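**Q** This is data.tsv (TSV, N, CA and C atoms).
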```tsv
chain	number	residue	atom	x	y	z
A	696	MET	N	0.84	-1.18	0.00
A	696	MET	CA	0.00	0.00	0.00
A	696	MET	C	0.88	1.23	0.00
A	697	ARG	N	0.54	2.16	-0.85
A	697	ARG	CA	1.35	3.36	-0.95
A	697	ARG	C	0.74	4.49	-0.14
A	698	LYS	N	1.58	5.45	0.17
A	698	LYS	CA	1.12	6.62	0.91
A	698	LYS	C	0.35	7.52	-0.04
A	699	ARG	N	-0.77	8.02	0.42
A	699	ARG	CA	-1.60	8.89	-0.41
A	699	ARG	C	-1.45	10.34	0.05
A	700	GLY	N	-1.73	11.20	-0.85
A	700	GLY	CA	-1.65	12.62	-0.52
A	700	GLY	C	-2.75	13.39	-1.20
A	701	LYS	N	-2.59	14.70	-1.22
A	701	LYS	CA	-3.60	15.56	-1.83
A	701	LYS	C	-3.74	15.30	-3.32
A	702	ARG	N	-2.73	14.73	-3.94
A	702	ARG	CA	-2.80	14.49	-5.38
A	702	ARG	C	-3.89	13.47	-5.72
A	703	ASP	N	-4.35	12.71	-4.73
A	703	ASP	CA	-5.42	11.75	-4.96
A	703	ASP	C	-6.79	12.40	-4.91
A	704	GLY	N	-6.86	13.68	-4.62
A	704	GLY	CA	-8.13	14.39	-4.60
A	704	GLY	C	-8.81	14.43	-3.24
A	705	TYR	N	-8.22	13.82	-2.24
A	705	TYR	CA	-8.84	13.81	-0.91
A	705	TYR	C	-8.32	15.00	-0.11
A	706	ILE	N	-9.04	16.10	-0.20
A	706	ILE	CA	-8.61	17.29	0.53
A	706	ILE	C	-9.56	17.65	1.66
A	707	GLU	N	-10.76	17.07	1.65
A	707	GLU	CA	-11.71	17.31	2.74
A	707	GLU	C	-11.50	16.26	3.82
A	708	ARG	N	-11.63	16.68	5.08
A	708	ARG	CA	-11.46	15.75	6.18
A	708	ARG	C	-12.69	15.79	7.08
A	709	ILE	N	-12.96	14.65	7.68
A	709	ILE	CA	-14.05	14.56	8.65
A	709	ILE	C	-13.64	13.52	9.68
A	710	SER	N	-14.04	13.74	10.90
A	710	SER	CA	-13.76	12.79	11.96
A	710	SER	C	-15.07	12.09	12.30
A	711	VAL	N	-15.04	10.77	12.27
A	711	VAL	CA	-16.25	9.99	12.53
A	711	VAL	C	-15.94	8.96	13.60
A	712	GLY	N	-16.83	8.86	14.56
A	712	GLY	CA	-16.66	7.85	15.61
A	712	GLY	C	-17.34	6.54	15.22
A	713	PHE	N	-16.75	5.44	15.63
A	713	PHE	CA	-17.30	4.11	15.37
A	713	PHE	C	-17.44	3.36	16.68
A	714	THR	N	-18.42	2.48	16.74
A	714	THR	CA	-18.54	1.60	17.91
A	714	THR	C	-17.47	0.51	17.76
A	715	PRO	N	-17.14	-0.14	18.87
A	715	PRO	CA	-16.18	-1.25	18.76
A	715	PRO	C	-16.67	-2.33	17.79
A	716	GLU	N	-17.96	-2.59	17.77
A	716	GLU	CA	-18.52	-3.60	16.86
A	716	GLU	C	-18.37	-3.17	15.40
A	717	GLN	N	-18.62	-1.91	15.11
A	717	GLN	CA	-18.44	-1.42	13.74
A	717	GLN	C	-16.98	-1.56	13.31
A	718	MET	N	-16.07	-1.18	14.18
A	718	MET	CA	-14.66	-1.26	13.84
A	718	MET	C	-14.22	-2.72	13.67
A	719	ARG	N	-14.76	-3.61	14.52
A	719	ARG	CA	-14.43	-5.03	14.39
A	719	ARG	C	-14.88	-5.54	13.02
A	720	ARG	N	-16.06	-5.12	12.58
A	720	ARG	CA	-16.57	-5.58	11.29
A	720	ARG	C	-15.75	-5.01	10.13
A	721	VAL	N	-15.35	-3.75	10.24
A	721	VAL	CA	-14.50	-3.15	9.20
A	721	VAL	C	-13.18	-3.92	9.12
A	722	GLU	N	-12.59	-4.18	10.25
A	722	GLU	CA	-11.31	-4.90	10.27
A	722	GLU	C	-11.46	-6.33	9.76
A	723	GLU	N	-12.59	-6.96	10.02
A	723	GLU	CA	-12.83	-8.31	9.51
A	723	GLU	C	-12.91	-8.29	7.99
A	724	VAL	N	-13.60	-7.31	7.41
A	724	VAL	CA	-13.67	-7.18	5.95
A	724	VAL	C	-12.26	-7.01	5.38
A	725	LEU	N	-11.46	-6.17	6.03
A	725	LEU	CA	-10.09	-5.96	5.56
A	725	LEU	C	-9.26	-7.24	5.63
A	726	ARG	N	-9.44	-8.03	6.71
A	726	ARG	CA	-8.70	-9.29	6.84
A	726	ARG	C	-9.10	-10.28	5.74
A	727	VAL	N	-10.40	-10.38	5.47
A	727	VAL	CA	-10.87	-11.30	4.44
A	727	VAL	C	-10.32	-10.88	3.08
A	728	ARG	N	-10.37	-9.60	2.80
A	728	ARG	CA	-9.85	-9.13	1.51
A	728	ARG	C	-8.35	-9.32	1.41
A	729	ALA	N	-7.63	-9.13	2.52
A	729	ALA	CA	-6.18	-9.33	2.51
A	729	ALA	C	-5.84	-10.79	2.23
A	730	ARG	N	-6.65	-11.72	2.77
A	730	ARG	CA	-6.42	-13.14	2.49
A	730	ARG	C	-6.62	-13.45	1.02
A	731	ASP	N	-7.51	-12.69	0.38
A	731	ASP	CA	-7.76	-12.86	-1.06
A	731	ASP	C	-6.78	-12.07	-1.91
A	732	GLY	N	-5.79	-11.44	-1.26
A	732	GLY	CA	-4.77	-10.68	-1.98
A	732	GLY	C	-5.21	-9.28	-2.36
A	733	LYS	N	-6.27	-8.80	-1.75
A	733	LYS	CA	-6.78	-7.45	-2.06
A	733	LYS	C	-6.54	-6.54	-0.86
A	734	LEU	N	-5.32	-6.06	-0.73
A	734	LEU	CA	-4.99	-5.17	0.38
A	734	LEU	C	-5.70	-3.84	0.19
A	735	GLN	N	-6.23	-3.30	1.26
A	735	GLN	CA	-6.99	-2.06	1.18
A	735	GLN	C	-6.83	-1.30	2.49
A	736	HIS	N	-6.80	0.02	2.40
A	736	HIS	CA	-6.76	0.86	3.59
A	736	HIS	C	-8.16	0.93	4.20
A	737	LYS	N	-8.23	1.11	5.49
A	737	LYS	CA	-9.51	1.31	6.17
A	737	LYS	C	-10.27	2.48	5.55
A	738	THR	N	-9.55	3.54	5.29
A	738	THR	CA	-10.21	4.74	4.74
A	738	THR	C	-10.82	4.46	3.38
A	739	ASP	N	-10.14	3.66	2.56
A	739	ASP	CA	-10.68	3.32	1.24
A	739	ASP	C	-11.94	2.47	1.37
A	740	LEU	N	-11.93	1.53	2.31
A	740	LEU	CA	-13.10	0.69	2.55
A	740	LEU	C	-14.29	1.55	2.99
A	741	ILE	N	-14.04	2.49	3.88
A	741	ILE	CA	-15.11	3.35	4.38
A	741	ILE	C	-15.61	4.28	3.27
A	742	ARG	N	-14.70	4.79	2.43
A	742	ARG	CA	-15.13	5.60	1.28
A	742	ARG	C	-16.01	4.79	0.34
A	743	ASP	N	-15.59	3.54	0.07
A	743	ASP	CA	-16.39	2.66	-0.80
A	743	ASP	C	-17.78	2.44	-0.21
A	744	ALA	N	-17.84	2.21	1.09
A	744	ALA	CA	-19.13	1.99	1.75
A	744	ALA	C	-20.00	3.24	1.65
A	745	LEU	N	-19.40	4.41	1.85
A	745	LEU	CA	-20.16	5.66	1.74
A	745	LEU	C	-20.65	5.87	0.32
A	746	ASN	N	-19.80	5.61	-0.67
A	746	ASN	CA	-20.22	5.77	-2.07
A	746	ASN	C	-21.36	4.83	-2.42
A	747	LEU	N	-21.29	3.59	-1.93
A	747	LEU	CA	-22.36	2.63	-2.17
A	747	LEU	C	-23.66	3.10	-1.53
A	748	TYR	N	-23.57	3.58	-0.30
A	748	TYR	CA	-24.74	4.10	0.40
A	748	TYR	C	-25.35	5.27	-0.37
A	749	LEU	N	-24.51	6.21	-0.76
A	749	LEU	CA	-25.02	7.39	-1.47
A	749	LEU	C	-25.64	7.04	-2.81
A	750	ALA	N	-25.08	6.06	-3.50
A	750	ALA	CA	-25.59	5.65	-4.80
A	750	ALA	C	-27.00	5.07	-4.70
A	751	HIS	N	-27.36	4.56	-3.52
A	751	HIS	CA	-28.67	3.94	-3.35
A	751	HIS	C	-29.71	4.89	-2.74
A	752	GLN	N	-29.37	6.15	-2.58
A	752	GLN	CA	-30.32	7.12	-2.03
A	752	GLN	C	-31.14	7.71	-3.18
A	753	ASP	N	-32.44	7.48	-3.16
A	753	ASP	CA	-33.25	7.94	-4.28
A	753	ASP	C	-33.70	9.39	-4.15
A	754	ASP	N	-33.32	10.04	-3.05
A	754	ASP	CA	-33.67	11.45	-2.91
A	754	ASP	C	-32.50	12.38	-3.27
A	755	ILE	N	-31.41	11.81	-3.77
A	755	ILE	CA	-30.26	12.60	-4.20
A	755	ILE	C	-30.25	12.58	-5.73
A	756	PRO	N	-30.48	13.74	-6.38
A	756	PRO	CA	-30.50	13.76	-7.85
A	756	PRO	C	-29.21	13.23	-8.45
A	757	GLY	N	-29.35	12.43	-9.50
A	757	GLY	CA	-28.19	11.92	-10.20
A	757	GLY	C	-27.71	10.57	-9.73
A	758	THR	N	-28.21	10.09	-8.57
A	758	THR	CA	-27.79	8.77	-8.12
A	758	THR	C	-28.54	7.72	-8.92
A	759	ARG	N	-27.99	6.52	-8.94
A	759	ARG	CA	-28.65	5.43	-9.67
A	759	ARG	C	-30.07	5.22	-9.16
A	760	ALA	N	-30.23	5.27	-7.86
A	760	ALA	CA	-31.56	5.03	-7.29
A	760	ALA	C	-32.54	6.11	-7.74
A	761	ALA	N	-32.09	7.37	-7.77
A	761	ALA	CA	-32.98	8.46	-8.20
A	761	ALA	C	-33.31	8.32	-9.68
A	762	ILE	N	-32.32	7.97	-10.48
A	762	ILE	CA	-32.55	7.79	-11.92
A	762	ILE	C	-33.51	6.61	-12.14
A	763	THR	N	-33.31	5.53	-11.40
A	763	THR	CA	-34.19	4.37	-11.52
A	763	THR	C	-35.61	4.73	-11.15
A	764	ARG	N	-35.78	5.46	-10.04
A	764	ARG	CA	-37.12	5.86	-9.60
A	764	ARG	C	-37.78	6.73	-10.66
A	765	LYS	N	-37.03	7.65	-11.23
A	765	LYS	CA	-37.58	8.53	-12.27
A	765	LYS	C	-37.97	7.73	-13.51
A	766	LEU	N	-37.11	6.80	-13.93
A	766	LEU	CA	-37.41	5.98	-15.09
A	766	LEU	C	-38.61	5.07	-14.85
A	767	GLU	N	-38.72	4.54	-13.63
A	767	GLU	CA	-39.87	3.69	-13.31
A	767	GLU	C	-41.16	4.50	-13.40
A	768	GLY	N	-41.12	5.75	-12.94
A	768	GLY	CA	-42.29	6.62	-13.04
A	768	GLY	C	-42.66	6.87	-14.49
A	769	ARG	N	-41.67	7.12	-15.31
A	769	ARG	CA	-41.93	7.35	-16.74
A	769	ARG	C	-42.45	6.09	-17.41
A	770	LEU	N	-41.88	4.95	-17.05
A	770	LEU	CA	-42.32	3.68	-17.62
A	770	LEU	C	-43.78	3.40	-17.24
A	771	ASP	N	-44.14	3.69	-15.99
A	771	ASP	CA	-45.52	3.53	-15.57
A	771	ASP	C	-46.45	4.40	-16.40
A	772	ALA	N	-46.04	5.63	-16.67
A	772	ALA	CA	-46.85	6.54	-17.48
A	772	ALA	C	-46.99	6.03	-18.91
A	773	VAL	N	-45.91	5.50	-19.47
A	773	VAL	CA	-45.95	4.96	-20.84
A	773	VAL	C	-46.87	3.74	-20.88
A	774	GLU	N	-46.77	2.87	-19.87
A	774	GLU	CA	-47.63	1.69	-19.82
A	774	GLU	C	-49.10	2.08	-19.71
A	775	ALA	N	-49.41	3.08	-18.91
A	775	ALA	CA	-50.79	3.55	-18.78
A	775	ALA	C	-51.29	4.10	-20.11
A	776	GLN	N	-50.47	4.89	-20.79
A	776	GLN	CA	-50.85	5.45	-22.09
A	776	GLN	C	-51.06	4.32	-23.10
A	777	LEU	N	-50.19	3.35	-23.10
A	777	LEU	CA	-50.31	2.21	-24.01
A	777	LEU	C	-51.61	1.45	-23.74
A	778	GLN	N	-51.95	1.28	-22.48
A	778	GLN	CA	-53.20	0.59	-22.13
A	778	GLN	C	-54.41	1.37	-22.63
A	779	ARG	N	-54.38	2.70	-22.46
A	779	ARG	CA	-55.49	3.54	-22.96
A	779	ARG	C	-55.61	3.42	-24.48
A	780	GLN	N	-54.49	3.44	-25.18
A	780	GLN	CA	-54.51	3.32	-26.64
A	780	GLN	C	-54.98	1.93	-27.07
A	781	ASN	N	-54.59	0.91	-26.33
A	781	ASN	CA	-55.03	-0.44	-26.64
A	781	ASN	C	-56.55	-0.57	-26.45
A	782	ASP	N	-57.06	0.01	-25.36
A	782	ASP	CA	-58.51	0.00	-25.13
A	782	ASP	C	-59.25	0.71	-26.27
A	783	LEU	N	-58.74	1.84	-26.68
A	783	LEU	CA	-59.36	2.59	-27.78
A	783	LEU	C	-59.33	1.78	-29.06
A	784	LEU	N	-58.21	1.14	-29.34
A	784	LEU	CA	-58.09	0.33	-30.55
A	784	LEU	C	-59.09	-0.83	-30.53
A	785	GLU	N	-59.23	-1.47	-29.37
A	785	GLU	CA	-60.20	-2.56	-29.25
A	785	GLU	C	-61.62	-2.06	-29.50
A	786	ARG	N	-61.96	-0.88	-28.97
A	786	ARG	CA	-63.30	-0.32	-29.21
A	786	ARG	C	-63.51	-0.01	-30.68
A	787	LEU	N	-62.45	0.51	-31.33
A	787	LEU	CA	-62.57	0.81	-32.77
A	787	LEU	C	-62.75	-0.46	-33.58
A	788	VAL	N	-61.99	-1.50	-33.26
A	788	VAL	CA	-62.13	-2.77	-33.97
A	788	VAL	C	-63.54	-3.32	-33.79
A	789	THR	N	-64.03	-3.28	-32.55
A	789	THR	CA	-65.39	-3.76	-32.27
A	789	THR	C	-66.41	-2.94	-33.05
A	790	PHE	N	-66.26	-1.63	-33.09
A	790	PHE	CA	-67.17	-0.73	-33.80
A	790	PHE	C	-67.21	-1.09	-35.28
A	791	PHE	N	-66.03	-1.25	-35.91
A	791	PHE	CA	-65.98	-1.53	-37.34
A	791	PHE	C	-66.46	-2.95	-37.65
A	792	GLN	N	-66.24	-3.88	-36.73
A	792	GLN	CA	-66.74	-5.23	-36.95
A	792	GLN	C	-68.28	-5.22	-36.91
A	793	ARG	N	-68.87	-4.47	-36.00
A	793	ARG	CA	-70.33	-4.38	-35.93
A	793	ARG	C	-70.89	-3.69	-37.18
A	794	LYS	N	-70.19	-2.64	-37.61
A	794	LYS	CA	-70.63	-1.88	-38.77
A	794	LYS	C	-70.56	-2.77	-40.01
A	795	LYS	N	-69.50	-3.56	-40.12
A	795	LYS	CA	-69.33	-4.45	-41.26
A	795	LYS	C	-70.40	-5.55	-41.27
A	796	GLY	N	-70.75	-6.04	-40.08
A	796	GLY	CA	-71.76	-7.09	-39.94
A	796	GLY	C	-73.18	-6.58	-40.15
A	797	ALA	N	-73.40	-5.30	-40.01
A	797	ALA	CA	-74.75	-4.75	-40.11
A	797	ALA	C	-75.19	-4.50	-41.52
```
Could I get this structure in the form of structure tokens?
**A**
Amino acid sequence: MRKRGKRDGYIERISVGFTPEQMRRVEEVLRVRARDGKLQHKTDLIRDALNLYLAHQDDIPGTRAAITRKLEGRLDAVEAQLQRQNDLLERLVTFFQRKKGA
């Protein structure tokens, strides 16, 4: 693992407290990854966890979850419009079939 500096883009700092159980779990993840040959700093693991958490927040514009929610809403609207058009088409077919039979 190499030493990181400001050139990596990390210029903001925050101090966060963890419970002993949280820290034990973080260290266990690091141990498992190290056994698999994937050495990682604690800070990188915590950044990854934060990025994953933020990506799943649907109230933050631009996140995957927000984009998915927006697309699902649009898809629902398209499906409703398609159903209305299908109903209209069925009524028109029925109308013309009756007219043809009469």
**Q** Between A:Lys794, A:Asp754, A:Arg764, A:Ile741, which has the minimum distance to Val711 (chain A) (counting only C-alpha atoms)?
**A**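 When distances to Val711 (chain A) are compared using only C-alpha atoms, the smallest one comes from A:Ile741.
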**Q** In Å to one decimal, how far is atom C of Arg742 (chain A) from atom N of Asp703 (chain A)?
**A**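 Separation between atom N of Asp703 (chain A) and atom C of Arg742 (chain A): 15.0 Å.
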**Q** Running DSSP on the backbone, which parts of chain A land in alpha helix (DSSP H), as an MDAnalysis selection string?
**A** chainID A and resid 715:730 737:750 759:796
**Q** Please report the interatomic distance between CA of Ala761 (chain A) and CA of Gln735 (chain A) in Å with one decimal.
**A** 29.6 Å
**Q** Between atom C of Asp743 (chain A) and atom C of Arg759 (chain A), what is the distance, to one decimal in Å?
**A**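 Between these atoms lies a distance of 15.5 Å.
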**Q** Got a sec: who's within 8 Å of region 716-723 of chain A, counting only N, CA and C atoms, leaving out chain neighbours fewer than 4 positions off, as a ChimeraX atom specification?
**A** /A:712,727-729,737,740-741
**Q** Could you work out an axis-aligned bounding box for all listed atoms of region 739-752 of chain A, with 3 Å added on each of the six sides, and give its centre and edge lengths in Å to one decimal, as AutoDock Vina command-line options?
**A**
```
--center_x -20.6 --center_y 4.2 --center_z -0.2 --size_x 27.0 --size_y 13.0 --size_z 15.2
```
